[in-house]
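Below is one structure, written out as structure tokens, with a few remarks after it.
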Amino acid sequence: MKKIGILTSGGDAPGMNAAVRAAVRCGIDAGMEVYGIQRGYEGLLEGEIAKMEWSSVGDILQRGGTILRTARSSRFMEERWIHHGAEMLRTFGIEGLIVVGGDGSFHGGLELAKQGITVMGVPGTIDNDLAYTDYTIGFDTAVNTVLGLISNIRDTSSSHERTTIVEVMGRHCGDLALHAGLAGGADVVLVPEVEIDVHEICRRVLQGQASGKAHSLIVMAEGAAFNPDELAETLETMTGREARTVVPGYIQRGGSPSLADRRLASLTAAKAVELLYNDSHSRAIGLQAGEIVSMDLREALEVKPEFDMELYKLVNVLGKGR
């Protein structure tokens, strides 16, 4: 394989630049030409493809976001546009493609694989919603960003003796809320994977108040079955304590990537280049039990997510009382 491409797709995640850097430099070191594709699949359809050099990825390791930029492409869900994307790659002589992104990005890559393009999936999403890998690029940084916010919120929340609901990203996967809630000392964690009655939430907050807690903290994934503002109103009525909502939004996506994310990005992208160089078939690269692994791309997408109920139970135990 002489020419390979790389794109970043879907929501940006800290560490994507580290993956681009590793892919470009490892590819060049292996004697291949590496082409960067701007704006994900949308840029692919428009032919926004340019050869990258060693210097193209200098001074980007520490930067959040992605120098290749990213976008969501509704067109790429149609068969004719998928075929067009494959033909665009062939026009540039690109034989293999590295896709850095989440579940939707990987499914797009799988469609290209059906068109005869070798695709390597590198997991880049703060949601940690790819079940075949223990962690995804950007997740660790996002959790630490949320933790910093929670620490600041605790100061003012305790001063005013109020309940604060922090709504974090995670439409279908509650890992960000779960891990931030554990490390941030949340009283309650709300996730899409676990149903909980509003009365149970109120009971836990009231128990905390009765034990002498000056404030209460609820960390909630955006996909949980509650409207944060309505939940705050209910809590105020039931507990007699002021309740506020905080939505960090896109702050969670930004920032310099952590050691864990830079390392994971570098190792998985390097593995993707190695597989392309050795003419492997389409695969997904990830982390399992501390080791960089790869598996068939289709099989990786078929792995069912397993929510960590033991960790969720631990959060509930640790959040009791003072």
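Each chain in the structure tokens gets a letter, A, B, ..., in the order shown, and its residues are numbered from 1; ligands are numbered from 1 in order too.
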
message: Give me the residues near range 54-59 of chain A as a ChimeraX atom specification, where near means some atom within 12 Å (using only C-alpha atoms) and where sequence neighbours in that chain fewer than 4 positions away do not count.
response: /A:16-29,31-36,50,63-64,66-68

Can you list every residue of range 85-168 of chain A that has an atom at most 10 Å from range 259-275 of chain A, with its nearest atom pair and the distance in Å to one decimal, using only C-alpha atoms, ordered by chain then number, as JSON lines?
```
{"residue": "A:Gly96", "atom": "CA", "partner": "A:Val273", "partner_atom": "CA", "distance": 9.2}
{"residue": "A:Leu97", "atom": "CA", "partner": "A:Ala272", "partner_atom": "CA", "distance": 9.2}
{"residue": "A:Ile98", "atom": "CA", "partner": "A:Ala272", "partner_atom": "CA", "distance": 6.9}
{"residue": "A:Val99", "atom": "CA", "partner": "A:Ala272", "partner_atom": "CA", "distance": 9.5}
{"residue": "A:Val100", "atom": "CA", "partner": "A:Ala269", "partner_atom": "CA", "distance": 8.6}
{"residue": "A:Thr118", "atom": "CA", "partner": "A:Leu275", "partner_atom": "CA", "distance": 9.9}
{"residue": "A:Val119", "atom": "CA", "partner": "A:Ala272", "partner_atom": "CA", "distance": 9.0}
{"residue": "A:Met120", "atom": "CA", "partner": "A:Ala272", "partner_atom": "CA", "distance": 5.8}
{"residue": "A:Gly121", "atom": "CA", "partner": "A:Ala272", "partner_atom": "CA", "distance": 7.6}
{"residue": "A:Val122", "atom": "CA", "partner": "A:Thr268", "partner_atom": "CA", "distance": 6.2}
{"residue": "A:Pro123", "atom": "CA", "partner": "A:Thr268", "partner_atom": "CA", "distance": 8.2}
{"residue": "A:Gly124", "atom": "CA", "partner": "A:Ala265", "partner_atom": "CA", "distance": 8.1}
{"residue": "A:Tyr135", "atom": "CA", "partner": "A:Leu264", "partner_atom": "CA", "distance": 8.6}
{"residue": "A:Thr136", "atom": "CA", "partner": "A:Leu264", "partner_atom": "CA", "distance": 7.9}
{"residue": "A:Ile137", "atom": "CA", "partner": "A:Asp261", "partner_atom": "CA", "distance": 5.2}
{"residue": "A:Gly138", "atom": "CA", "partner": "A:Asp261", "partner_atom": "CA", "distance": 5.8}
{"residue": "A:Phe139", "atom": "CA", "partner": "A:Asp261", "partner_atom": "CA", "distance": 7.5}
{"residue": "A:Asp140", "atom": "CA", "partner": "A:Asp261", "partner_atom": "CA", "distance": 6.4}
{"residue": "A:Thr141", "atom": "CA", "partner": "A:Asp261", "partner_atom": "CA", "distance": 6.8}
{"residue": "A:Ala142", "atom": "CA", "partner": "A:Asp261", "partner_atom": "CA", "distance": 9.9}
```

For the selection just defined, write its residues with N, CA, C and O atoms to a file, as a compact mmCIF listing (two decimals), in the first residue's frame.
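Done, and the output landed in again-v5.txt:
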```
# COMPACT_ATOMS: atom_id res chain seq x y z
N GLY A 96 -6.03 3.00 1.30
CA GLY A 96 -6.49 2.72 2.67
C GLY A 96 -6.84 4.01 3.37
O GLY A 96 -6.24 5.06 3.12
N LEU A 97 -7.81 3.95 4.28
CA LEU A 97 -8.30 5.15 4.96
C LEU A 97 -8.35 4.91 6.47
O LEU A 97 -8.87 3.90 6.93
N ILE A 98 -7.81 5.85 7.23
CA ILE A 98 -7.92 5.83 8.69
C ILE A 98 -9.03 6.79 9.08
O ILE A 98 -9.00 7.97 8.72
N VAL A 99 -10.03 6.28 9.78
CA VAL A 99 -11.16 7.09 10.24
C VAL A 99 -11.06 7.25 11.75
O VAL A 99 -11.10 6.26 12.49
N VAL A 100 -10.92 8.49 12.21
CA VAL A 100 -10.88 8.78 13.64
C VAL A 100 -12.23 9.36 14.03
O VAL A 100 -12.60 10.44 13.61
N THR A 118 -9.97 -0.22 2.06
CA THR A 118 -9.53 -0.73 3.36
C THR A 118 -9.63 0.39 4.39
O THR A 118 -9.03 1.45 4.21
N VAL A 119 -10.37 0.15 5.44
CA VAL A 119 -10.64 1.19 6.45
C VAL A 119 -10.15 0.74 7.82
O VAL A 119 -10.43 -0.38 8.24
N MET A 120 -9.43 1.63 8.48
CA MET A 120 -9.00 1.38 9.86
C MET A 120 -9.70 2.38 10.78
O MET A 120 -9.59 3.59 10.59
N GLY A 121 -10.42 1.88 11.76
CA GLY A 121 -11.14 2.73 12.68
C GLY A 121 -10.33 3.01 13.93
O GLY A 121 -9.88 2.08 14.61
N VAL A 122 -10.09 4.29 14.22
CA VAL A 122 -9.40 4.71 15.43
C VAL A 122 -10.43 5.42 16.32
O VAL A 122 -11.05 6.39 15.88
N PRO A 123 -10.67 4.94 17.53
CA PRO A 123 -11.80 5.42 18.35
C PRO A 123 -11.58 6.81 18.93
O PRO A 123 -10.79 7.00 19.86
N GLY A 124 -12.29 7.79 18.41
CA GLY A 124 -12.16 9.16 18.89
C GLY A 124 -13.51 9.76 19.23
O GLY A 124 -14.22 10.24 18.35
N TYR A 135 -11.57 2.16 26.37
CA TYR A 135 -11.64 3.62 26.38
C TYR A 135 -11.47 4.18 24.98
O TYR A 135 -10.84 3.55 24.12
N THR A 136 -12.02 5.36 24.75
CA THR A 136 -11.88 6.04 23.48
C THR A 136 -11.07 7.32 23.66
O THR A 136 -11.01 7.89 24.76
N ILE A 137 -10.47 7.79 22.59
CA ILE A 137 -9.67 9.01 22.63
C ILE A 137 -10.57 10.20 22.97
O ILE A 137 -11.60 10.40 22.33
N GLY A 138 -10.18 10.96 23.94
CA GLY A 138 -10.94 12.14 24.35
C GLY A 138 -11.74 11.96 25.62
O GLY A 138 -12.08 12.94 26.29
N PHE A 139 -12.02 10.72 25.97
CA PHE A 139 -12.85 10.45 27.15
C PHE A 139 -12.16 10.90 28.42
O PHE A 139 -12.75 11.58 29.27
N ASP A 140 -10.89 10.54 28.59
CA ASP A 140 -10.18 10.87 29.82
C ASP A 140 -10.08 12.39 30.01
O ASP A 140 -10.30 12.90 31.11
N THR A 141 -9.78 13.09 28.94
CA THR A 141 -9.69 14.55 29.02
C THR A 141 -11.03 15.16 29.39
O THR A 141 -11.12 16.07 30.23
N ALA A 142 -12.10 14.67 28.77
CA ALA A 142 -13.44 15.20 29.03
C ALA A 142 -13.85 14.97 30.48
O ALA A 142 -14.43 15.87 31.12
```

task: Any chance you could list, as JSON, numbers by chain, the residues in range 172-218 of chain A that come up strand (DSSP E or B) when DSSP is run on the backbone?
output: {"A": [188, 189, 190, 216, 217, 218]}

Could you save the residues just selected, with all heavy atoms, as a PDB file, in the first residue's frame?
```pdb
ATOM      1  N   VAL A 188     -25.915  11.626  43.388  1.00  0.00           N
ATOM      2  CA  VAL A 188     -26.730  10.851  42.459  1.00  0.00           C
ATOM      3  C   VAL A 188     -26.117  10.981  41.066  1.00  0.00           C
ATOM      4  O   VAL A 188     -25.675  12.055  40.671  1.00  0.00           O
ATOM      5  CB  VAL A 188     -28.196  11.354  42.416  1.00  0.00           C
ATOM      6  CG1 VAL A 188     -29.028  10.481  41.475  1.00  0.00           C
ATOM      7  CG2 VAL A 188     -28.809  11.382  43.809  1.00  0.00           C
ATOM      8  N   VAL A 189     -26.101   9.873  40.334  1.00  0.00           N
ATOM      9  CA  VAL A 189     -25.688   9.876  38.929  1.00  0.00           C
ATOM     10  C   VAL A 189     -26.850   9.361  38.098  1.00  0.00           C
ATOM     11  O   VAL A 189     -27.413   8.296  38.393  1.00  0.00           O
ATOM     12  CB  VAL A 189     -24.436   9.004  38.696  1.00  0.00           C
ATOM     13  CG1 VAL A 189     -24.174   8.829  37.204  1.00  0.00           C
ATOM     14  CG2 VAL A 189     -23.216   9.622  39.362  1.00  0.00           C
ATOM     15  N   LEU A 190     -27.219  10.104  37.076  1.00  0.00           N
ATOM     16  CA  LEU A 190     -28.337   9.729  36.202  1.00  0.00           C
ATOM     17  C   LEU A 190     -27.799   9.415  34.813  1.00  0.00           C
ATOM     18  O   LEU A 190     -27.141  10.255  34.186  1.00  0.00           O
ATOM     19  CB  LEU A 190     -29.356  10.871  36.133  1.00  0.00           C
ATOM     20  CG  LEU A 190     -29.912  11.349  37.480  1.00  0.00           C
ATOM     21  CD1 LEU A 190     -30.837  12.543  37.280  1.00  0.00           C
ATOM     22  CD2 LEU A 190     -30.640  10.216  38.191  1.00  0.00           C
ATOM     23  N   SER A 216     -25.818  19.385  47.720  1.00  0.00           N
ATOM     24  CA  SER A 216     -25.969  18.104  47.028  1.00  0.00           C
ATOM     25  C   SER A 216     -25.562  18.269  45.574  1.00  0.00           C
ATOM     26  O   SER A 216     -25.787  19.322  44.965  1.00  0.00           O
ATOM     27  CB  SER A 216     -27.416  17.606  47.105  1.00  0.00           C
ATOM     28  OG  SER A 216     -27.811  17.417  48.448  1.00  0.00           O
ATOM     29  N   LEU A 217     -24.977  17.218  45.011  1.00  0.00           N
ATOM     30  CA  LEU A 217     -24.514  17.246  43.623  1.00  0.00           C
ATOM     31  C   LEU A 217     -25.109  16.080  42.855  1.00  0.00           C
ATOM     32  O   LEU A 217     -24.993  14.927  43.270  1.00  0.00           O
ATOM     33  CB  LEU A 217     -22.987  17.172  43.576  1.00  0.00           C
ATOM     34  CG  LEU A 217     -22.361  17.036  42.186  1.00  0.00           C
ATOM     35  CD1 LEU A 217     -22.570  18.316  41.369  1.00  0.00           C
ATOM     36  CD2 LEU A 217     -20.864  16.714  42.300  1.00  0.00           C
ATOM     37  N   ILE A 218     -25.739  16.394  41.722  1.00  0.00           N
ATOM     38  CA  ILE A 218     -26.278  15.380  40.827  1.00  0.00           C
ATOM     39  C   ILE A 218     -25.575  15.526  39.479  1.00  0.00           C
ATOM     40  O   ILE A 218     -25.550  16.614  38.904  1.00  0.00           O
ATOM     41  CB  ILE A 218     -27.796  15.537  40.646  1.00  0.00           C
ATOM     42  CG1 ILE A 218     -28.506  15.340  41.985  1.00  0.00           C
ATOM     43  CG2 ILE A 218     -28.325  14.554  39.594  1.00  0.00           C
ATOM     44  CD1 ILE A 218     -29.997  15.662  41.944  1.00  0.00           C
TER      45      ILE A 218
END
```

message: Between CA of Ser105 in chain A and CA of Glu79 in chain A, what is the distance in Å, rounded to a tenth?
response: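 Computing it gives 15.2 Å between the two atoms.
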
field: Neighbour list for Gly240 in chain A as a list of chain:residue names, cut-off 12 Å, only C-alpha atoms, skip fewer than 2 positions in-chain
entry: A:Glu161, A:Arg162, A:Thr163, A:Cys202, A:Val205, A:Leu206, A:Gln209, A:Ala232, A:Glu233, A:Thr234, A:Leu235, A:Glu236, A:Thr237, A:Met238, A:Glu242, A:Ala243
